[in-house]
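Data first, discussion second: the structure below is written as structure tokens.
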Amino acid sequence: MLYQLAYISRSRSPLDQTTLNDILEVSRHNNARDGITGVLMYHDELFFQVLEGPRPEVDKCYFDRICHDPRHTSLSLTWCDFAESRAFSGWEMGYAGPDEIGQYTKNSFHSLDQMKSDDGLNGANKEIALMLAKAMYEDFQRNR
């Protein structure tokens with residue numbers, strides 16, 4: 001059964017585009033191998049990522065690779081649940097930075113920090129995050 005997981009974490013230091021590209025390249029390779037799709041957003045030294053695929057592979061990716069990655073800290077699992085279908089099929093790892101986040105939210109969403117709370121994503125912020133991620137994916141699919 002298909003499983004989705006999302007988390008927020010803080011970067012230990014600001015990341016340049018070269019480092020982000022390296023992260024995305026490795027993630028795309030690993031995710032293609034493991035049948036995982038998803039999206040990564042980075043802004044204000046915060047990561048927000050959605051992963052989806054078979055539960056064993058998603059859990060392994062999160063708990064074995066992501067949780068042990070020294071480039072970030074303060075990981076907060078924001079939600080995980082089973083899903084009927086993929087939201088990001090064919091997208092091993094999409095990416096959005098500050099420019100894309102502003103574009104897809106009509107500048108009403110200024111920082112990933114808005115989504116972080118002690119309780120994880122609340123209902124409204126979860127919907128914003130999914131809306132943002134899905135809008136990016138749909139645009140990507142149209143422009144392929």
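Identifiers in this document derive from the order of the structure tokens: chains are assigned A, B, ..., residues are numbered from 1 separately in each chain, and ligands are numbered from 1 in order of occurrence.
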Item to complete: Would you list the contacts of range 69-85 of chain A as a PyMOL selection string, taking every protein, DNA or RNA residue within 7 Å and counting only C-alpha atoms, but skipping same-chain residues closer than 6 positions in sequence?
Response: chain A and resi 2-12+120-121
Please build the interface table for range 67-98 of chain A against range 34-40 of chain A with a cut-off of 7 Å, listing for each qualifying residue the nearest atom pair and the distance in Å to one decimal; count only C-alpha atoms, order rows by chain and increasing number, and write it as a tab-separated table.
residue	atom	partner	partner_atom	distance
A:Phe88	CA	A:Gly38	CA	5.6
A:Ser89	CA	A:Thr37	CA	6.2
A:Gly90	CA	A:Thr37	CA	6.9
A:Trp91	CA	A:Thr37	CA	5.4
A:Glu92	CA	A:Thr37	CA	4.3
A:Met93	CA	A:Gly38	CA	5.0
A:Gly94	CA	A:Val39	CA	4.3
A:Tyr95	CA	A:Leu40	CA	4.8
A:Ala96	CA	A:Leu40	CA	6.5
Worksheet item: How would you write, as JSON, numbers by chain, the set of residues in range 12-111 of chain A that DSSP gives as alpha helix (DSSP H)?
Response: {"A": [17, 18, 19, 20, 21, 22, 23, 24, 25, 26, 27, 28, 29, 30, 31, 32, 33, 34, 55, 56, 57, 58, 59, 98, 99, 100, 101, 102, 103, 104]}
Discussion item. If I take CA of Thr19 in chain A and CA of Phe63 in chain A, how far is one from the other in Å, to one decimal?
Written reply: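 It comes out at 21.5 Å.
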Item to complete: Could you find all residues in range 1-36 of chain A that DSSP calls strand (DSSP E or B) from the backbone, and write them as a PyMOL selection string?
Response: chain A and resi 2-11
Worksheet entry | Counting only C-alpha atoms, the residue of A:Pro56, A:Phe47, A:Tyr42, A:Cys61 that sits nearest Arg28 in chain A |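 Counting only C-alpha atoms, the residue closest to Arg28 in chain A is A:Cys61.
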Worksheet entry | Among listed residues A:Ser27, A:Pro54, A:Met41, A:Pro14, nearest Ile66 in chain A (using only C-alpha atoms) | A:Ser27
Worksheet item: What is the CA of Arg65 in chain A to CA of Thr18 in chain A distance in Å?
Response: 20.0 Å
Worksheet item: Out of A:Gln17, A:Phe48, A:Met1, A:Tyr62, which residue has the shortest atom-to-atom distance to Asn30 in chain A when counting only C-alpha atoms?
Response: A:Tyr62
Worksheet item: CA of Arg86 in chain A and CA of Val58 in chain A are how many Å apart?
Response: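 If I compute the distance from CA of Arg86 in chain A to CA of Val58 in chain A, I get 12.9 Å.
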